[in-house]
Amino acid sequence: MLDNHNRNIDYLRISVTDRCNLRCTYCMPPEGVGWIPHSAILTVAEMIRLSRLFAEMGFRRIRLTGGEPLVRKGVAQIVRGIKGIPGIEKVTLTTNGVLLAEQLPALLDAGLDGVNISLDTLDRAQFAAIARRDELHRALAGIHAALAVPGFNIKLNCVPSGENDAQLVPIAALAKDHNVAVRFIEMMPIGLGGTQHRRTQAEVLAMLEESFGGAIACQQPDGGGPGEYVTFAGFQGKVGFISAMTHKFCHNCNRVRLSATGFLKTCLQYETGADLKALLNAGASDDTLRAAIAQAIAQKPASHHFSEHRETEGETRNMHQIGG
């Protein structure tokens, strides 16, 4: 469906939980956080109902996020339910990979079309320092399990922070040996991410070209979104850059987010949107829910203004509470 800026909004990210089995430094404070009670988050039935309404309004792709979505029981059930909705073309999932190897068979059986796996370092000690959990071996097991599935759509997401500079080339090299998209995602000034250093697309590309030679522009992979993609001589896969700060792509934005508490968030920076969970709790009809969705999307902001430091308008929650 079209918003007031004539953008076709057809991609929904649903956070199935705010909980996570890692405690990454750019997402959570060292002391941890208080989790949202289960009674306050969307039920499986509510997620599937809302997904059906979004599909009826023209949405075609849904990504399940968190927190870490695989810590929620019944994720395969959610995938199966959404995949069965007429009009939905793809259901994918973003994960840290720690629980992926054991859950992947059920997810594939439910119809999952692909995964995005977060991977900021291949160094065990550094992984433990960033994630505050010594789980690199399980994350890598999840990646290898996904790579073993023929034709499965896999993207590896790395956030260059300045602290993991030495790992960027080894992570990019995974696209040399495998047909995957390795994406470098600029740190967003959301929650604790606003206190972290950020490596830009130009800086990362310079590091990669020093190791692999000149970058070769190429087409986006399936479902590549707003990324800019290149490859290098001898690579099977691609390297992408999602640079919302230095290469702003708001004019092409096609997505909205639904938080675990049922809040429809239309722009990552702003807290505006629609509380669909409140409407569900009040017994709202499908027509009422559709109207709320349409109104929120129509008013989707034209762009973020992170670089302008409009503090009074900014999002105050951390990413695990918003949904990736």
# chains A, B, ... in the order shown; residues from 1 in each chain; ligands from 1
>>> residues_around(residues="Ala101 of chain A", least_positions_apart="6", cutoff="9 Å", atoms="only C-alpha atoms", output="list of chain:residue names")
A:Arg138, A:Ala139, A:Ala141, A:Gly142, A:Ile143, A:His144, A:Ala145, A:Ala146
>>> select_by_dssp(residues="segment 105-214 of chain A", states="alpha helix (DSSP H)", output="NGL selection string")
:A and (105-110 or 124-131 or 136-147 or 165-172 or 174-177 or 201-212)
>>> closest_residue(among="A:His197, A:Lys155, A:Arg13, A:Arg124", to="Leu268 of chain A", atoms="only C-alpha atoms")
A:Arg13
>>> residues_around(residues="Thr272 of chain A", least_positions_apart="2", cutoff="10 Å", atoms="only C-alpha atoms", output="list in words")
Phe263, Leu264, Lys265, Thr266, Cys267, Leu268, Gln269, Tyr270, Ala274, Asp275, Ala296, Gln299, Lys300, Pro301, Glu313 and Glu315 of chain A
>>> select_by_dssp(residues="segment 110-280 of chain A", states="strand (DSSP E)", output="number ranges by chain")
A: 114-118, 153-158, 181-185, 216-217, 228-231, 238-242, 255-258, 263-265, 273-275
>>> write_last_selection(atoms="N, CA, C and O atoms", output="CSV table (one decimal), in the first residue's frame")
chain,number,residue,atom,x,y,z
A,114,GLY,N,14.3,-18.0,4.4
A,114,GLY,CA,15.7,-17.5,4.5
A,114,GLY,C,15.9,-17.0,5.9
A,114,GLY,O,15.0,-16.8,6.7
A,115,VAL,N,17.2,-16.8,6.2
A,115,VAL,CA,17.7,-16.3,7.5
A,115,VAL,C,18.7,-15.2,7.3
A,115,VAL,O,19.5,-15.2,6.3
A,116,ASN,N,18.6,-14.2,8.1
A,116,ASN,CA,19.7,-13.2,8.3
A,116,ASN,C,20.4,-13.6,9.7
A,116,ASN,O,19.7,-13.6,10.7
A,117,ILE,N,21.7,-13.8,9.6
A,117,ILE,CA,22.4,-14.2,10.9
A,117,ILE,C,23.4,-13.1,11.2
A,117,ILE,O,24.2,-12.7,10.4
A,118,SER,N,23.3,-12.6,12.5
A,118,SER,CA,24.2,-11.6,12.9
A,118,SER,C,25.6,-12.2,13.3
A,118,SER,O,25.6,-13.2,13.9
A,153,ASN,N,18.2,-19.1,1.4
A,153,ASN,CA,18.6,-17.7,1.3
A,153,ASN,C,19.3,-17.3,2.6
A,153,ASN,O,18.6,-17.3,3.6
A,154,ILE,N,20.6,-17.0,2.6
A,154,ILE,CA,21.3,-16.7,3.8
A,154,ILE,C,22.0,-15.4,3.6
A,154,ILE,O,22.7,-15.1,2.6
A,155,LYS,N,21.9,-14.5,4.6
A,155,LYS,CA,22.6,-13.3,4.7
A,155,LYS,C,23.3,-13.2,6.1
A,155,LYS,O,22.7,-13.5,7.1
A,156,LEU,N,24.5,-12.8,6.1
A,156,LEU,CA,25.3,-12.6,7.3
A,156,LEU,C,25.4,-11.1,7.5
A,156,LEU,O,25.9,-10.3,6.7
A,157,ASN,N,25.0,-10.6,8.7
A,157,ASN,CA,25.0,-9.2,9.0
A,157,ASN,C,26.0,-8.9,10.0
A,157,ASN,O,26.1,-9.4,11.1
A,158,CYS,N,26.9,-7.9,9.7
A,158,CYS,CA,28.0,-7.5,10.6
A,158,CYS,C,27.9,-6.0,10.8
A,158,CYS,O,27.7,-5.2,9.9
A,181,ALA,N,25.3,-13.6,1.0
A,181,ALA,CA,25.5,-12.1,1.1
A,181,ALA,C,26.0,-11.7,2.5
A,181,ALA,O,25.3,-12.0,3.4
A,182,VAL,N,27.2,-11.2,2.5
A,182,VAL,CA,27.7,-10.7,3.8
A,182,VAL,C,27.5,-9.2,3.7
A,182,VAL,O,27.9,-8.5,2.8
A,183,ARG,N,26.7,-8.7,4.7
A,183,ARG,CA,26.3,-7.3,4.7
A,183,ARG,C,26.9,-6.5,5.9
A,183,ARG,O,26.9,-7.0,7.0
A,184,PHE,N,27.5,-5.4,5.6
A,184,PHE,CA,28.0,-4.5,6.7
A,184,PHE,C,27.0,-3.4,6.9
A,184,PHE,O,26.7,-2.6,6.0
A,185,ILE,N,26.5,-3.4,8.2
A,185,ILE,CA,25.4,-2.5,8.5
A,185,ILE,C,25.9,-1.4,9.4
A,185,ILE,O,26.4,-1.6,10.5
A,216,ILE,N,33.6,-5.0,-7.5
A,216,ILE,CA,32.8,-5.1,-8.8
A,216,ILE,C,31.4,-4.9,-8.4
A,216,ILE,O,30.8,-5.7,-7.7
A,217,ALA,N,30.7,-3.8,-8.9
A,217,ALA,CA,29.3,-3.6,-8.6
A,217,ALA,C,28.5,-4.8,-9.1
A,217,ALA,O,28.8,-5.3,-10.2
A,228,GLU,N,23.6,-1.7,-1.0
A,228,GLU,CA,24.4,-1.6,-2.2
A,228,GLU,C,25.3,-2.8,-2.2
A,228,GLU,O,26.0,-3.0,-1.2
A,229,TYR,N,25.4,-3.5,-3.3
A,229,TYR,CA,26.2,-4.8,-3.3
A,229,TYR,C,27.3,-4.7,-4.3
A,229,TYR,O,27.2,-4.1,-5.4
A,230,VAL,N,28.4,-5.4,-3.9
A,230,VAL,CA,29.6,-5.5,-4.7
A,230,VAL,C,30.1,-7.0,-4.6
A,230,VAL,O,29.6,-7.7,-3.7
A,231,THR,N,30.9,-7.4,-5.5
A,231,THR,CA,31.6,-8.6,-5.3
A,231,THR,C,33.1,-8.4,-5.6
A,231,THR,O,33.5,-7.3,-6.0
A,238,LYS,N,28.3,-12.3,-2.4
A,238,LYS,CA,28.3,-10.8,-2.5
A,238,LYS,C,28.6,-10.2,-1.2
A,238,LYS,O,28.4,-10.8,-0.1
A,239,VAL,N,29.0,-8.9,-1.3
A,239,VAL,CA,29.2,-8.1,-0.1
A,239,VAL,C,28.3,-6.9,-0.2
A,239,VAL,O,28.3,-6.2,-1.2
A,240,GLY,N,27.5,-6.7,0.8
A,240,GLY,CA,26.5,-5.6,0.8
A,240,GLY,C,26.8,-4.5,1.9
A,240,GLY,O,27.5,-4.8,2.9
A,241,PHE,N,26.3,-3.3,1.6
A,241,PHE,CA,26.4,-2.2,2.6
A,241,PHE,C,25.0,-1.7,2.8
A,241,PHE,O,24.4,-1.3,1.9
A,242,ILE,N,24.6,-1.6,4.1
A,242,ILE,CA,23.4,-1.0,4.4
A,242,ILE,C,23.7,0.2,5.3
A,242,ILE,O,24.1,0.0,6.5
A,255,ARG,N,9.2,-0.4,4.4
A,255,ARG,CA,9.0,-1.3,5.6
A,255,ARG,C,8.4,-0.6,6.8
A,255,ARG,O,8.6,0.6,7.0
A,256,VAL,N,7.7,-1.4,7.6
A,256,VAL,CA,7.3,-0.9,8.9
A,256,VAL,C,7.6,-2.1,9.9
A,256,VAL,O,7.8,-3.2,9.5
A,257,ARG,N,7.5,-1.7,11.2
A,257,ARG,CA,7.8,-2.7,12.2
A,257,ARG,C,6.7,-2.9,13.2
A,257,ARG,O,6.0,-1.9,13.5
A,258,LEU,N,6.4,-4.1,13.6
A,258,LEU,CA,5.4,-4.4,14.6
A,258,LEU,C,6.2,-5.0,15.8
A,258,LEU,O,6.8,-6.0,15.7
A,263,PHE,N,2.9,-2.8,18.9
A,263,PHE,CA,2.9,-1.4,18.4
A,263,PHE,C,3.4,-1.3,17.0
A,263,PHE,O,4.5,-1.8,16.7
A,264,LEU,N,2.7,-0.7,16.1
A,264,LEU,CA,3.1,-0.6,14.7
A,264,LEU,C,3.9,0.7,14.6
A,264,LEU,O,3.4,1.8,14.7
A,265,LYS,N,5.2,0.5,14.3
A,265,LYS,CA,6.2,1.5,14.3
A,265,LYS,C,6.5,1.8,12.8
A,265,LYS,O,7.1,0.9,12.1
A,273,GLY,N,3.0,5.9,15.6
A,273,GLY,CA,2.5,4.7,15.0
A,273,GLY,C,1.1,4.4,15.4
A,273,GLY,O,0.3,5.3,15.6
A,274,ALA,N,0.9,3.1,15.7
A,274,ALA,CA,-0.5,2.7,16.1
A,274,ALA,C,-0.3,1.5,17.1
A,274,ALA,O,0.4,0.6,16.8
A,275,ASP,N,-1.1,1.6,18.2
A,275,ASP,CA,-1.1,0.5,19.2
A,275,ASP,C,-2.1,-0.5,18.8
A,275,ASP,O,-3.3,-0.4,19.3
>>> residues_around(residues="Thr65 of chain A", least_positions_apart="4", cutoff="12 Å", atoms="only C-alpha atoms", output="number ranges by chain")
A: 12-20, 69-72, 75, 78-79, 91-96, 115-118, 257-260, 319-324
>>> residues_around(residues="Ala131 of chain A", least_positions_apart="5", cutoff="8 Å", atoms="only C-alpha atoms", output="ChimeraX atom specification")
/A:22-25
>>> closest_residue(among="A:Ser211, A:Gln167, A:Ser243, A:Asn21", to="Leu99 of chain A", atoms="only C-alpha atoms")
A:Asn21
>>> closest_residue(among="A:Gln103, A:Ser161, A:Ser39, A:Ser51", to="Gly84 of chain A", atoms="only C-alpha atoms")
A:Ser51
>>> closest_residue(among="A:Gly87, A:Ala129, A:Leu42, A:Ala202", to="Leu279 of chain A", atoms="only C-alpha atoms")
A:Leu42
>>> decode(residues="segment 34-46 of chain A", atoms="all heavy atoms", output="compact mmCIF listing (two decimals), in the first residue's frame")
# COMPACT_ATOMS: atom_id res chain seq x y z
N GLY A 34 14.84 -5.41 32.21
CA GLY A 34 13.62 -6.09 32.63
C GLY A 34 12.80 -6.49 31.42
O GLY A 34 12.54 -5.66 30.54
N TRP A 35 12.45 -7.77 31.34
CA TRP A 35 11.71 -8.24 30.17
C TRP A 35 10.23 -7.86 30.26
O TRP A 35 9.66 -7.74 31.36
CB TRP A 35 11.82 -9.75 30.04
CG TRP A 35 13.22 -10.29 29.97
CD1 TRP A 35 13.79 -11.20 30.80
CD2 TRP A 35 14.23 -9.95 29.01
NE1 TRP A 35 15.09 -11.45 30.43
CE2 TRP A 35 15.39 -10.70 29.34
CE3 TRP A 35 14.29 -9.08 27.92
CZ2 TRP A 35 16.57 -10.61 28.60
CZ3 TRP A 35 15.46 -9.00 27.19
CH2 TRP A 35 16.59 -9.75 27.53
N ILE A 36 9.61 -7.72 29.11
CA ILE A 36 8.18 -7.47 29.05
C ILE A 36 7.45 -8.75 29.48
O ILE A 36 7.80 -9.84 29.03
CB ILE A 36 7.76 -7.09 27.62
CG1 ILE A 36 8.48 -5.80 27.20
CG2 ILE A 36 6.25 -6.92 27.51
CD1 ILE A 36 8.33 -5.49 25.72
N PRO A 37 6.44 -8.65 30.33
CA PRO A 37 5.71 -9.87 30.73
C PRO A 37 5.01 -10.50 29.52
O PRO A 37 4.58 -9.81 28.59
CB PRO A 37 4.70 -9.36 31.76
CG PRO A 37 4.59 -7.90 31.52
CD PRO A 37 5.92 -7.45 31.00
N HIS A 38 4.89 -11.83 29.56
CA HIS A 38 4.28 -12.55 28.44
C HIS A 38 2.86 -12.08 28.16
O HIS A 38 2.40 -12.08 27.00
CB HIS A 38 4.28 -14.05 28.73
CG HIS A 38 5.63 -14.69 28.61
ND1 HIS A 38 6.30 -14.80 27.41
CD2 HIS A 38 6.45 -15.23 29.55
CE1 HIS A 38 7.47 -15.39 27.61
NE2 HIS A 38 7.58 -15.66 28.89
N SER A 39 2.16 -11.65 29.20
CA SER A 39 0.78 -11.21 29.02
C SER A 39 0.67 -9.95 28.17
O SER A 39 -0.40 -9.64 27.65
CB SER A 39 0.14 -10.95 30.39
OG SER A 39 0.86 -9.95 31.10
N ALA A 40 1.79 -9.22 28.01
CA ALA A 40 1.76 -7.96 27.28
C ALA A 40 2.17 -8.10 25.82
O ALA A 40 2.05 -7.14 25.05
CB ALA A 40 2.65 -6.93 27.97
N ILE A 41 2.67 -9.27 25.43
CA ILE A 41 3.14 -9.42 24.05
C ILE A 41 2.07 -10.11 23.20
O ILE A 41 1.15 -10.75 23.71
CB ILE A 41 4.47 -10.18 23.98
CG1 ILE A 41 4.31 -11.64 24.38
CG2 ILE A 41 5.53 -9.50 24.82
CD1 ILE A 41 5.57 -12.46 24.17
N LEU A 42 2.21 -9.97 21.90
CA LEU A 42 1.26 -10.57 20.97
C LEU A 42 1.26 -12.08 21.09
O LEU A 42 2.31 -12.71 21.19
CB LEU A 42 1.60 -10.18 19.54
CG LEU A 42 1.41 -8.70 19.15
CD1 LEU A 42 2.03 -8.44 17.79
CD2 LEU A 42 -0.07 -8.32 19.16
N THR A 43 0.09 -12.68 21.06
CA THR A 43 -0.02 -14.14 21.01
C THR A 43 0.24 -14.60 19.58
O THR A 43 0.23 -13.80 18.63
CB THR A 43 -1.41 -14.60 21.45
OG1 THR A 43 -2.38 -14.15 20.49
CG2 THR A 43 -1.76 -14.05 22.84
N VAL A 44 0.43 -15.89 19.41
CA VAL A 44 0.61 -16.44 18.07
C VAL A 44 -0.61 -16.14 17.21
O VAL A 44 -0.50 -15.72 16.05
CB VAL A 44 0.87 -17.96 18.14
CG1 VAL A 44 0.86 -18.57 16.74
CG2 VAL A 44 2.21 -18.23 18.83
N ALA A 45 -1.78 -16.34 17.77
CA ALA A 45 -3.01 -16.11 17.02
C ALA A 45 -3.13 -14.64 16.61
O ALA A 45 -3.57 -14.33 15.48
CB ALA A 45 -4.22 -16.53 17.85
N GLU A 46 -2.75 -13.72 17.50
CA GLU A 46 -2.81 -12.30 17.17
C GLU A 46 -1.83 -11.94 16.06
O GLU A 46 -2.14 -11.16 15.16
CB GLU A 46 -2.55 -11.47 18.43
CG GLU A 46 -3.70 -11.49 19.42
CD GLU A 46 -3.35 -10.84 20.75
OE1 GLU A 46 -2.15 -10.77 21.09
OE2 GLU A 46 -4.28 -10.41 21.46
